[in-house]
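What's in input_3.txt: compact mmCIF, C-alpha atoms
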# COMPACT_ATOMS: atom_id res chain seq x y z
CA MET A 931 -26.38 -14.37 69.69
CA VAL A 932 -25.00 -11.84 67.23
CA THR A 933 -25.30 -8.05 66.98
CA PHE A 934 -24.70 -6.36 63.66
CA THR A 935 -22.24 -3.47 63.66
CA SER A 936 -23.14 -0.20 61.97
CA GLU A 937 -20.72 -1.10 59.15
CA MET A 938 -22.58 -4.35 58.59
CA LYS A 939 -25.93 -2.56 58.53
CA ASP A 940 -24.55 -0.05 56.01
CA ALA A 941 -23.42 -2.90 53.76
CA LEU A 942 -26.65 -4.89 54.05
CA ARG A 943 -28.76 -2.38 52.14
CA VAL A 944 -29.64 -2.04 48.48
CA PRO A 945 -26.70 -0.78 46.40
CA GLY A 946 -28.56 2.42 45.56
CA LYS A 947 -28.39 3.36 49.25
CA GLY A 948 -24.74 2.53 49.73
CA GLY A 949 -25.15 -1.18 50.33
CA SER A 950 -23.73 -4.11 48.42
CA LEU A 951 -25.02 -6.89 46.28
CA ILE A 952 -24.90 -10.09 48.28
CA HIS A 953 -24.43 -13.76 47.55
CA MET A 954 -27.01 -16.01 49.12
CA ALA A 955 -25.96 -19.62 49.64
CA THR A 956 -28.31 -22.48 50.40
CA SER A 957 -28.28 -26.24 50.03
CA SER A 958 -30.66 -29.03 49.26
CA LEU A 959 -31.21 -31.41 52.13
CA ASP A 960 -28.90 -33.93 50.48
CA GLY A 961 -26.05 -31.44 50.18
CA LYS A 962 -26.16 -29.84 46.74
CA PRO A 963 -25.11 -26.21 47.23
CA ASN A 964 -26.51 -23.16 45.44
CA ILE A 965 -25.26 -19.59 45.35
CA ALA A 966 -26.98 -16.62 43.75
CA ALA A 967 -26.54 -12.85 43.85
CA MET A 968 -29.32 -10.67 45.26
CA ARG A 969 -29.96 -6.93 45.15
CA PHE A 970 -32.91 -6.40 47.50
CA VAL A 971 -31.31 -6.71 50.93
CA ALA A 972 -31.94 -5.07 54.31
CA THR A 973 -31.47 -5.72 57.99
CA HIS A 974 -34.18 -6.07 60.60
CA GLY A 975 -33.09 -5.47 64.16
CA ASP A 976 -29.60 -6.56 65.08
CA ASP A 977 -29.58 -10.15 63.89
CA LYS A 978 -31.81 -10.59 60.85
CA ILE A 979 -31.19 -10.11 57.14
CA LEU A 980 -34.08 -9.71 54.72
CA ILE A 981 -34.01 -10.66 51.03
CA SER A 982 -36.79 -10.16 48.54
CA ASP A 983 -38.32 -13.33 47.09
CA MET A 984 -38.62 -11.99 43.58
CA PHE A 985 -37.02 -14.48 41.23
CA LEU A 986 -35.97 -17.24 43.59
CA LEU A 987 -36.00 -20.79 42.21
CA LYS A 988 -33.40 -23.17 43.62
CA THR A 989 -32.95 -20.95 46.65
CA LYS A 990 -36.65 -21.17 47.33
CA MET A 991 -36.76 -24.93 46.82
CA ASN A 992 -33.81 -25.39 49.14
CA LEU A 993 -35.30 -23.23 51.88
CA LYS A 994 -38.54 -25.20 51.68
CA GLU A 995 -36.67 -28.28 52.86
CA ASN A 996 -33.61 -26.88 54.62
CA PRO A 997 -33.33 -23.54 56.45
CA GLU A 998 -29.53 -23.52 56.62
CA CYS A 999 -28.24 -20.43 54.83
CA CYS A 1000 -25.19 -18.16 54.40
CA ILE A 1001 -25.04 -14.61 53.10
CA ALA A 1002 -21.83 -12.92 51.98
CA ILE A 1003 -21.10 -9.55 50.41
CA CYS A 1004 -20.55 -10.06 46.68
CA HIS A 1005 -17.44 -8.02 46.18
CA PRO A 1006 -15.52 -7.94 49.44
CA LEU A 1007 -12.17 -8.24 47.77
CA ASP A 1008 -11.58 -4.51 47.77
CA SER A 1009 -14.42 -3.11 49.84
CA GLY A 1010 -13.60 -4.21 53.38
CA ARG A 1011 -16.99 -5.82 53.76
CA ASP A 1012 -15.53 -9.18 54.51
CA TRP A 1013 -18.23 -11.10 56.32
CA VAL A 1014 -20.28 -14.26 56.01
CA PHE A 1015 -23.53 -14.36 57.95
CA LYS A 1016 -24.69 -17.85 58.80
CA GLY A 1017 -27.97 -19.00 60.24
CA LYS A 1018 -31.47 -20.22 59.51
CA ALA A 1019 -33.77 -18.71 56.92
CA ILE A 1020 -37.36 -18.96 55.86
CA ASP A 1021 -39.25 -17.53 52.90
CA ILE A 1022 -42.24 -15.69 54.39
CA GLU A 1023 -44.64 -15.67 51.47
CA TYR A 1024 -47.93 -13.92 51.02
CA GLY A 1025 -50.51 -16.14 52.65
CA PHE A 1026 -48.50 -16.98 55.73
CA PRO A 1027 -50.60 -16.44 58.88
CA PRO A 1028 -49.96 -12.84 60.02
CA ASP A 1029 -48.81 -14.04 63.43
CA PHE A 1030 -46.36 -16.60 62.04
CA ASN A 1031 -43.21 -16.08 64.09
CA TRP A 1032 -39.62 -16.64 62.97
CA TYR A 1033 -37.15 -16.10 65.79
CA GLY A 1034 -39.08 -13.14 67.16
CA VAL A 1035 -40.46 -11.47 64.02
CA THR A 1036 -43.92 -11.97 62.59
CA ALA A 1037 -45.00 -12.41 59.00
CA LYS A 1038 -47.21 -9.34 59.27
CA GLU A 1039 -44.49 -6.94 60.33
CA ILE A 1040 -42.15 -8.17 57.62
CA LEU A 1041 -44.67 -8.19 54.77
CA ASP A 1042 -46.30 -4.90 55.79
CA LYS A 1043 -42.98 -3.10 55.46
CA TRP A 1044 -41.14 -5.06 52.78
CA GLY A 1045 -43.89 -6.79 50.79
CA ASP A 1046 -43.69 -4.33 47.88
CA TRP A 1047 -39.97 -3.81 47.85
CA ALA A 1048 -39.59 -2.70 44.21
CA THR A 1049 -41.81 0.29 44.98
CA LEU A 1050 -40.09 0.98 48.29
CA GLU A 1051 -36.57 0.85 46.87
CA PRO A 1052 -36.77 0.81 43.07
CA PRO A 1053 -33.65 -0.47 41.28
CA LYS A 1054 -32.70 2.90 39.82
CA GLU A 1055 -28.98 2.11 39.90
CA VAL A 1056 -29.34 -1.09 37.87
CA PRO A 1057 -28.40 -0.70 34.19
CA PRO A 1058 -31.40 -1.02 31.86
CA ASP A 1059 -30.10 -4.09 30.07
CA ILE A 1060 -30.04 -6.17 33.24
CA VAL A 1061 -32.91 -4.79 35.27
CA PHE A 1062 -35.96 -7.03 35.46
CA PRO A 1063 -38.89 -5.89 33.28
CA LYS A 1064 -41.53 -6.37 35.96
CA PRO A 1065 -41.23 -7.14 39.67
CA ALA A 1066 -42.90 -10.31 40.83
CA GLN A 1067 -42.41 -10.44 44.57
CA ARG A 1068 -43.86 -13.43 46.36
CA GLY A 1069 -42.47 -12.90 49.81
CA VAL A 1070 -39.46 -11.98 51.92
CA VAL A 1071 -36.68 -14.31 53.05
CA VAL A 1072 -35.71 -13.76 56.68
CA LEU A 1073 -32.30 -15.02 57.76
CA HIS A 1074 -31.85 -15.29 61.51
CA VAL A 1075 -28.09 -14.92 61.89
CA GLU A 1076 -26.40 -17.13 64.46
CA GLU A 1077 -22.75 -16.76 63.48
CA ILE A 1078 -20.57 -14.30 61.57
CA TYR A 1079 -17.16 -15.23 60.20
CA SER A 1080 -14.55 -13.36 58.20
CA ILE A 1081 -13.54 -13.72 54.56
CA GLU A 1082 -10.90 -10.99 54.85
CA LYS A 1083 -7.59 -11.90 53.25
CA GLY A 1084 -5.42 -13.54 55.88
CA LYS A 1085 -8.31 -13.91 58.32
CA THR A 1086 -10.75 -16.02 56.34
CA GLY A 1087 -12.66 -18.42 58.53
CA GLU A 1088 -12.07 -16.54 61.78
CA ARG A 1089 -15.25 -16.21 63.76
CA ILE A 1090 -16.21 -12.58 64.37
CA GLN A 1091 -19.35 -13.22 66.41
CA MET B 50 -23.97 -31.66 27.12
CA ALA B 51 -20.35 -30.74 27.72
CA ILE B 52 -19.63 -27.33 29.18
CA VAL B 53 -17.31 -25.01 27.28
CA LEU B 54 -16.83 -21.73 29.12
CA THR B 55 -17.19 -18.72 26.85
CA GLU B 56 -14.68 -15.90 26.60
CA ARG B 57 -16.94 -13.70 28.74
CA MET B 58 -17.26 -16.35 31.41
CA LYS B 59 -13.50 -16.87 31.49
CA GLY B 60 -12.99 -13.13 31.83
CA TRP B 61 -15.30 -12.90 34.81
CA ILE B 62 -13.88 -15.91 36.54
CA GLU B 63 -10.25 -14.95 36.10
CA LEU B 64 -10.55 -11.21 36.75
CA MET B 65 -13.24 -10.78 39.36
CA GLY B 66 -12.64 -13.39 42.03
CA CYS B 67 -15.11 -16.06 42.99
CA HIS B 68 -17.34 -16.96 45.90
CA LEU B 69 -17.38 -20.70 46.49
CA CYS B 70 -20.16 -22.55 48.28
CA VAL B 71 -20.00 -26.12 49.51
CA ALA B 72 -22.30 -28.05 51.83
CA THR B 73 -22.06 -30.88 54.29
CA PRO B 74 -23.87 -34.07 53.31
CA GLU B 75 -26.66 -32.94 55.64
CA GLY B 76 -27.03 -29.63 53.78
CA VAL B 77 -25.19 -27.06 55.89
CA PRO B 78 -23.66 -24.53 53.46
CA TRP B 79 -20.29 -22.83 53.87
CA VAL B 80 -19.00 -19.92 51.81
CA THR B 81 -15.45 -18.87 51.12
CA VAL B 82 -13.71 -16.71 48.52
CA SER B 83 -10.85 -17.30 46.15
CA ARG B 84 -8.80 -14.37 44.94
CA PHE B 85 -7.14 -16.28 42.13
CA ALA B 86 -8.88 -18.45 39.57
CA LYS B 87 -7.71 -19.89 36.27
CA VAL B 88 -9.75 -21.70 33.65
CA THR B 89 -7.55 -24.74 33.11
CA LYS B 90 -9.80 -26.68 30.72
CA PRO B 91 -12.93 -25.71 28.80
CA ASP B 92 -14.96 -27.12 31.69
CA GLN B 93 -12.54 -26.78 34.59
CA ILE B 94 -11.56 -23.99 36.98
CA SER B 95 -8.57 -24.11 39.33
CA PHE B 96 -8.43 -21.90 42.40
CA ALA B 97 -5.39 -20.93 44.46
CA MET B 98 -6.53 -21.00 48.08
CA GLU B 99 -4.88 -19.56 51.14
CA LYS B 100 -4.97 -21.59 54.33
CA GLY B 101 -7.99 -19.87 55.85
CA GLU B 102 -9.90 -19.86 52.57
CA ILE B 103 -9.63 -23.60 52.05
CA GLY B 104 -10.06 -24.20 55.79
CA VAL B 105 -13.64 -22.93 55.69
CA ILE B 106 -14.74 -25.52 53.14
CA GLU B 107 -12.36 -28.44 53.34
CA ALA B 108 -14.17 -30.49 55.98
CA ALA B 109 -17.44 -30.36 54.06
CA LEU B 110 -15.71 -30.89 50.73
CA SER B 111 -14.01 -34.03 51.99
CA GLN B 112 -17.43 -35.58 52.46
CA ASN B 113 -19.33 -33.97 49.59
CA PRO B 114 -17.56 -32.79 46.41
CA TRP B 115 -20.24 -30.44 45.10
CA VAL B 116 -19.11 -26.82 44.65
CA ALA B 117 -21.30 -23.90 43.55
CA ILE B 118 -19.46 -20.87 42.17
CA GLY B 119 -20.52 -17.24 41.83
CA VAL B 120 -18.47 -14.35 40.49
CA SER B 121 -17.43 -11.99 43.30
CA LYS B 122 -17.36 -8.50 41.79
CA GLN B 123 -20.86 -8.48 40.41
CA GLY B 124 -21.45 -4.75 40.40
CA GLY B 125 -20.04 -4.00 36.97
CA ILE B 126 -21.15 -6.96 34.92
CA ARG B 127 -24.02 -7.54 32.58
CA ALA B 128 -25.72 -10.61 33.94
CA ALA B 129 -24.04 -13.42 35.71
CA TYR B 130 -23.92 -17.15 35.83
CA GLN B 131 -23.72 -19.79 38.50
CA PHE B 132 -21.33 -22.63 37.86
CA LYS B 133 -21.58 -26.01 39.61
CA GLY B 134 -19.33 -29.02 39.61
CA LYS B 135 -17.30 -31.40 41.71
CA GLY B 136 -14.11 -30.33 43.38
CA LYS B 137 -10.89 -31.88 44.64
CA VAL B 138 -8.17 -30.38 46.81
CA LEU B 139 -4.50 -30.70 45.88
CA ARG B 140 -1.42 -29.82 47.92
CA SER B 141 1.24 -31.24 45.65
CA GLY B 142 1.90 -32.30 42.08
CA THR B 143 2.15 -30.58 38.72
CA GLU B 144 -1.29 -28.96 38.80
CA PHE B 145 -0.66 -27.58 42.28
CA ASP B 146 2.77 -26.22 41.32
CA THR B 147 1.45 -24.60 38.13
CA ILE B 148 -1.35 -22.71 39.84
CA ARG B 149 0.77 -21.72 42.83
CA GLU B 150 3.32 -20.22 40.45
CA LEU B 151 0.67 -18.25 38.57
CA ALA B 152 -1.04 -16.99 41.72
CA THR B 153 1.29 -14.17 42.63
CA GLY B 154 0.34 -12.43 45.84
CA ILE B 155 -1.50 -15.49 47.13
CA ALA B 156 -0.01 -17.63 49.90
CA THR B 157 -1.23 -20.79 48.23
CA ASP B 158 -1.87 -23.55 50.71
CA ALA B 159 -4.04 -25.66 48.43
CA VAL B 160 -5.40 -25.74 44.91
CA LEU B 161 -9.06 -26.49 44.43
CA ILE B 162 -9.90 -27.94 41.05
CA VAL B 163 -13.56 -27.94 40.04
CA ASP B 164 -14.79 -29.94 37.05
CA LEU B 165 -17.96 -28.19 35.94
CA THR B 166 -21.13 -30.07 35.13
CA GLU B 167 -23.86 -27.45 35.46
CA LEU B 168 -24.28 -23.89 34.25
CA TYR B 169 -27.14 -21.52 35.11
CA CYS B 170 -28.11 -18.01 34.07
CA THR B 171 -28.74 -15.83 37.12
CA LYS B 172 -29.87 -12.65 35.39
CA PRO B 173 -32.91 -11.34 37.32
CA GLY B 174 -36.12 -11.82 35.41
CA ALA B 175 -37.55 -14.35 33.02
CA GLU B 176 -34.26 -16.16 32.43
CA ALA B 177 -33.23 -16.41 36.08
CA GLY B 178 -32.37 -19.99 36.84
CA GLN B 179 -32.32 -21.03 33.20
CA ARG B 180 -30.06 -24.06 32.92
CA LEU B 181 -27.63 -23.61 30.04
CA ASP B 182 -25.59 -26.80 30.07
CA ILE B 183 -28.51 -28.54 28.40
CA MET B 184 -27.53 -26.60 25.28
CA ALA B 185 -24.62 -27.41 22.96
CA PRO B 186 -21.56 -25.20 23.59
CA ASP B 187 -22.05 -23.35 20.28
CA ALA B 188 -25.65 -22.65 21.23
CA VAL B 189 -24.59 -21.29 24.64
CA ASP B 190 -22.08 -19.02 22.93
CA ALA B 191 -24.72 -17.75 20.50
CA TRP B 192 -27.27 -17.34 23.30
CA GLU B 193 -24.81 -15.19 25.21
CA LYS B 194 -23.66 -13.12 22.23
CA ALA B 195 -27.28 -12.31 21.43
CA ARG B 196 -27.61 -10.71 24.86
CA TRP B 197 -24.28 -9.25 25.90
CA THR B 198 -21.04 -8.36 24.19
CA ASP B 199 -18.95 -6.93 27.02
CA ILE B 200 -15.92 -9.03 27.82
CA PRO B 201 -14.14 -8.36 31.10
CA GLY B 202 -10.59 -7.21 30.56
CA LYS B 203 -11.12 -6.17 26.94
Show how you would write the structure in this file as structure tokens.
Amino acid sequence: MVTFTSEMKDALRVPGKGGSLIHMATSSLDGKPNIAAMRFVATHGDDKILISDMFLLKTKMNLKENPECCIAICHPLDSGRDWVFKGKAIDIEYGFPPDFNWYGVTAKEILDKWGDWATLEPPKEVPPDIVFPKPAQRGVVVLHVEEIYSIEKGKTGERIQ
Amino acid sequence: MAIVLTERMKGWIELMGCHLCVATPEGVPWVTVSRFAKVTKPDQISFAMEKGEIGVIEAALSQNPWVAIGVSKQGGIRAAYQFKGKGKVLRSGTEFDTIRELATGIATDAVLIVDLTELYCTKPGAEAGQRLDIMAPDAVDAWEKARWTDIPGK
């Protein structure tokens, strides 16, 4: 069981609120890895990370067959946010039964709060030439974190929690 | 199609660090970082890895050579790519010595060499996930120049 520190919670927010972009890593069931950067990130409680399902393709396909997932801060090399969060994730899409439960959270509570993320936390800090023209959110990925390890220089691989 | 990394891609890879993702044959992903990368062929990247950095991924990599690569410092770039290929770990030989010598400030324990076979656009929006290695290298270069002209380090 893990418990996020306040520093981790500060990092796992949208960049416009002082957080960081993150890299989300998944794999197909037969072991082909995928890594993609994400902007819409938040924590829920002390052991869950939320990601908007807005333009997910391979990530989504992988999670449909394999919940194993890692999340790392995109630019830890000079920020001190040197963590990898490892656990099991699911993409809670619109249409899931409201009482669907993923390690203690329900689809309803997640979608009620985060189901229109672009309105809740619009990407004001994103330069106009790379911001998406229209949000198309289909759900929220919930990562239940079971392990945290370091990617700090000299300590990479050491388990933190 | 063969992959030929563009000048922009090389700039990102060599200046901004990389996140590397591997997976066990059963699909358990592991992520590490490399603080030194060098494009050693038009379709090949070599990474100097410290002991802990390679230690995170080596067990999985020994059973499954696939490596997915993302650029670390994403905050200041105009769109990004994901690179995929097959990796091998070296601890001796000419390639190892060359990279270790270039990687000042890195306690190089191993050199990871990745031969790229897949290239994806990861810009959010309509082109997210677009596979680019299906295009000829000249077409990829033109596709990129039509969208972005910033080159890291220049």
query: Please, which residues of chain A lie no more than 8 Å from chain B when the count uses all atoms listed in the file, and can they be set out as a ChimeraX atom specification?
result: /A:951,953,955-967,985,987-988,996,998-1000,1002,1004-1007,1014,1059-1064,1081,1084-1088
- prompt: When you draw a straight line from CA of Thr935 in chain A to CA of Leu1050 in chain A, how long is it in Å?
  reply: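 So the answer is 24.0 Å.
Residue nearest Val932 in chain A, chosen from A:His1074, A:Lys1043, A:Lys947, A:Lys1038 and counting all atoms listed in the file: A:His1074.
Taking only C-alpha atoms into account, Met938 in chain A lies nearest to A:Ile1078 out of the set A:Ile1078, A:Leu1073, A:Val1056, A:Met991.
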message: Here's a test: counting all atoms listed in the file, identify every protein, DNA and RNA residue with an atom at most 12 Å from (-50.8, -11.9, 57.4) in the file's coordinate frame, and state them as an NGL selection string.
response: :A and (1022-1031 or 1036-1043 or 1045 or 1069)
task: Go through B:Met98, B:Ala191, B:Leu181, B:Pro201 and flag the residue nearest Phe145 in chain B, using all atoms listed in the file for the distances.
output: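 Residue with the minimum atom-to-atom distance to Phe145 in chain B: B:Met98.
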- prompt: In terms of the shortest atom-to-atom distance over only C-alpha atoms, which of B:Val53, B:Ala97, B:Ala188, B:Leu110 is closest to Glu167 in chain B?
  reply: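 Ranking B:Val53, B:Ala97, B:Ala188, B:Leu110 by distance to Glu167 in chain B, first place goes to B:Val53.
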Near Arg57 in chain B, within 10 Å and counting all atoms listed in the file, which residues show up once chain neighbours fewer than 6 positions away are dropped, as a PDB file with C-alpha atoms, keeping the file's coordinate frame?
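Now in selection34.pdb:
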ATOM      1  CA  ALA B 129     -24.040 -13.420  35.710  1.00  0.00           C
ATOM      2  CA  ASP B 190     -22.080 -19.020  22.930  1.00  0.00           C
ATOM      3  CA  GLU B 193     -24.810 -15.190  25.210  1.00  0.00           C
ATOM      4  CA  LYS B 194     -23.660 -13.120  22.230  1.00  0.00           C
ATOM      5  CA  TRP B 197     -24.280  -9.250  25.900  1.00  0.00           C
ATOM      6  CA  THR B 198     -21.040  -8.360  24.190  1.00  0.00           C
ATOM      7  CA  ASP B 199     -18.950  -6.930  27.020  1.00  0.00           C
ATOM      8  CA  ILE B 200     -15.920  -9.030  27.820  1.00  0.00           C
ATOM      9  CA  PRO B 201     -14.140  -8.360  31.100  1.00  0.00           C
ATOM     10  CA  GLY B 202     -10.590  -7.210  30.560  1.00  0.00           C
ATOM     11  CA  LYS B 203     -11.120  -6.170  26.940  1.00  0.00           C
TER      12      LYS B 203
END
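Taking CA of Leu165 in chain B as the reference point, CA of Ile94 in chain B is found at 7.7 Å.
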- request: Measure the distance from CA of Thr989 in chain A to CA of Ala159 in chain B in Å and round it to one decimal.
  value: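 Between CA of Thr989 in chain A and CA of Ala159 in chain B the gap works out to 29.3 Å.
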message: Show me, as a list of chain:residue names, the residues that have an atom within 9 Å of Pro945 in chain A when counting only C-alpha atoms, minus same-chain residues fewer than 2 positions from it.
response: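 Final neighbour list, sorted by chain and number: A:Ala941, A:Leu942, A:Arg943, A:Lys947, A:Gly948, A:Gly949, A:Ser950, A:Leu951, A:Arg969, A:Phe970, A:Val971, A:Pro1053, A:Glu1055, A:Val1056, B:Gly124.
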Reconstructed N, CA, C and O atoms for range 1018-1034 of chain A, given as a PDB file, keeping the file's coordinate frame:
ATOM      1  N   LYS A1018     -30.303 -19.472  60.012  1.00  0.00           N
ATOM      2  CA  LYS A1018     -31.470 -20.220  59.510  1.00  0.00           C
ATOM      3  C   LYS A1018     -32.460 -19.245  58.883  1.00  0.00           C
ATOM      4  O   LYS A1018     -32.787 -18.210  59.467  1.00  0.00           O
ATOM      5  N   ALA A1019     -32.929 -19.615  57.696  1.00  0.00           N
ATOM      6  CA  ALA A1019     -33.770 -18.710  56.920  1.00  0.00           C
ATOM      7  C   ALA A1019     -35.096 -19.366  56.550  1.00  0.00           C
ATOM      8  O   ALA A1019     -35.200 -20.590  56.437  1.00  0.00           O
ATOM      9  N   ILE A1020     -36.067 -18.503  56.351  1.00  0.00           N
ATOM     10  CA  ILE A1020     -37.360 -18.960  55.860  1.00  0.00           C
ATOM     11  C   ILE A1020     -37.877 -17.941  54.844  1.00  0.00           C
ATOM     12  O   ILE A1020     -37.547 -16.746  54.939  1.00  0.00           O
ATOM     13  N   ASP A1021     -38.636 -18.421  53.884  1.00  0.00           N
ATOM     14  CA  ASP A1021     -39.250 -17.530  52.900  1.00  0.00           C
ATOM     15  C   ASP A1021     -40.682 -17.260  53.376  1.00  0.00           C
ATOM     16  O   ASP A1021     -41.558 -18.123  53.267  1.00  0.00           O
ATOM     17  N   ILE A1022     -40.902 -16.068  53.923  1.00  0.00           N
ATOM     18  CA  ILE A1022     -42.240 -15.690  54.390  1.00  0.00           C
ATOM     19  C   ILE A1022     -43.027 -15.184  53.187  1.00  0.00           C
ATOM     20  O   ILE A1022     -42.804 -14.067  52.708  1.00  0.00           O
ATOM     21  N   GLU A1023     -43.902 -16.009  52.695  1.00  0.00           N
ATOM     22  CA  GLU A1023     -44.640 -15.670  51.470  1.00  0.00           C
ATOM     23  C   GLU A1023     -46.001 -15.081  51.825  1.00  0.00           C
ATOM     24  O   GLU A1023     -46.531 -15.291  52.925  1.00  0.00           O
ATOM     25  N   TYR A1024     -46.551 -14.371  50.856  1.00  0.00           N
ATOM     26  CA  TYR A1024     -47.930 -13.920  51.020  1.00  0.00           C
ATOM     27  C   TYR A1024     -48.798 -15.142  51.305  1.00  0.00           C
ATOM     28  O   TYR A1024     -48.702 -16.153  50.621  1.00  0.00           O
ATOM     29  N   GLY A1025     -49.650 -15.022  52.280  1.00  0.00           N
ATOM     30  CA  GLY A1025     -50.510 -16.140  52.650  1.00  0.00           C
ATOM     31  C   GLY A1025     -50.096 -16.805  53.943  1.00  0.00           C
ATOM     32  O   GLY A1025     -50.858 -17.580  54.516  1.00  0.00           O
ATOM     33  N   PHE A1026     -48.871 -16.487  54.411  1.00  0.00           N
ATOM     34  CA  PHE A1026     -48.500 -16.980  55.730  1.00  0.00           C
ATOM     35  C   PHE A1026     -49.458 -16.358  56.761  1.00  0.00           C
ATOM     36  O   PHE A1026     -49.873 -15.196  56.609  1.00  0.00           O
ATOM     37  N   PRO A1027     -49.795 -17.056  57.817  1.00  0.00           N
ATOM     38  CA  PRO A1027     -50.600 -16.440  58.880  1.00  0.00           C
ATOM     39  C   PRO A1027     -49.885 -15.188  59.395  1.00  0.00           C
ATOM     40  O   PRO A1027     -48.663 -15.217  59.593  1.00  0.00           O
ATOM     41  N   PRO A1028     -50.604 -14.098  59.588  1.00  0.00           N
ATOM     42  CA  PRO A1028     -49.960 -12.840  60.020  1.00  0.00           C
ATOM     43  C   PRO A1028     -49.132 -13.000  61.294  1.00  0.00           C
ATOM     44  O   PRO A1028     -48.126 -12.306  61.471  1.00  0.00           O
ATOM     45  N   ASP A1029     -49.541 -13.893  62.164  1.00  0.00           N
ATOM     46  CA  ASP A1029     -48.810 -14.040  63.430  1.00  0.00           C
ATOM     47  C   ASP A1029     -47.721 -15.107  63.359  1.00  0.00           C
ATOM     48  O   ASP A1029     -47.127 -15.445  64.385  1.00  0.00           O
ATOM     49  N   PHE A1030     -47.464 -15.634  62.158  1.00  0.00           N
ATOM     50  CA  PHE A1030     -46.360 -16.600  62.040  1.00  0.00           C
ATOM     51  C   PHE A1030     -45.082 -15.947  62.566  1.00  0.00           C
ATOM     52  O   PHE A1030     -44.749 -14.826  62.204  1.00  0.00           O
ATOM     53  N   ASN A1031     -44.353 -16.661  63.400  1.00  0.00           N
ATOM     54  CA  ASN A1031     -43.210 -16.080  64.090  1.00  0.00           C
ATOM     55  C   ASN A1031     -41.924 -16.809  63.727  1.00  0.00           C
ATOM     56  O   ASN A1031     -41.869 -18.037  63.811  1.00  0.00           O
ATOM     57  N   TRP A1032     -40.931 -16.070  63.306  1.00  0.00           N
ATOM     58  CA  TRP A1032     -39.620 -16.640  62.970  1.00  0.00           C
ATOM     59  C   TRP A1032     -38.566 -15.951  63.830  1.00  0.00           C
ATOM     60  O   TRP A1032     -38.186 -14.829  63.559  1.00  0.00           O
ATOM     61  N   TYR A1033     -38.173 -16.616  64.868  1.00  0.00           N
ATOM     62  CA  TYR A1033     -37.150 -16.100  65.790  1.00  0.00           C
ATOM     63  C   TYR A1033     -37.468 -14.657  66.236  1.00  0.00           C
ATOM     64  O   TYR A1033     -36.601 -13.776  66.251  1.00  0.00           O
ATOM     65  N   GLY A1034     -38.727 -14.425  66.549  1.00  0.00           N
ATOM     66  CA  GLY A1034     -39.080 -13.140  67.160  1.00  0.00           C
ATOM     67  C   GLY A1034     -39.688 -12.115  66.229  1.00  0.00           C
ATOM     68  O   GLY A1034     -40.051 -11.025  66.678  1.00  0.00           O
TER      69      GLY A1034
END
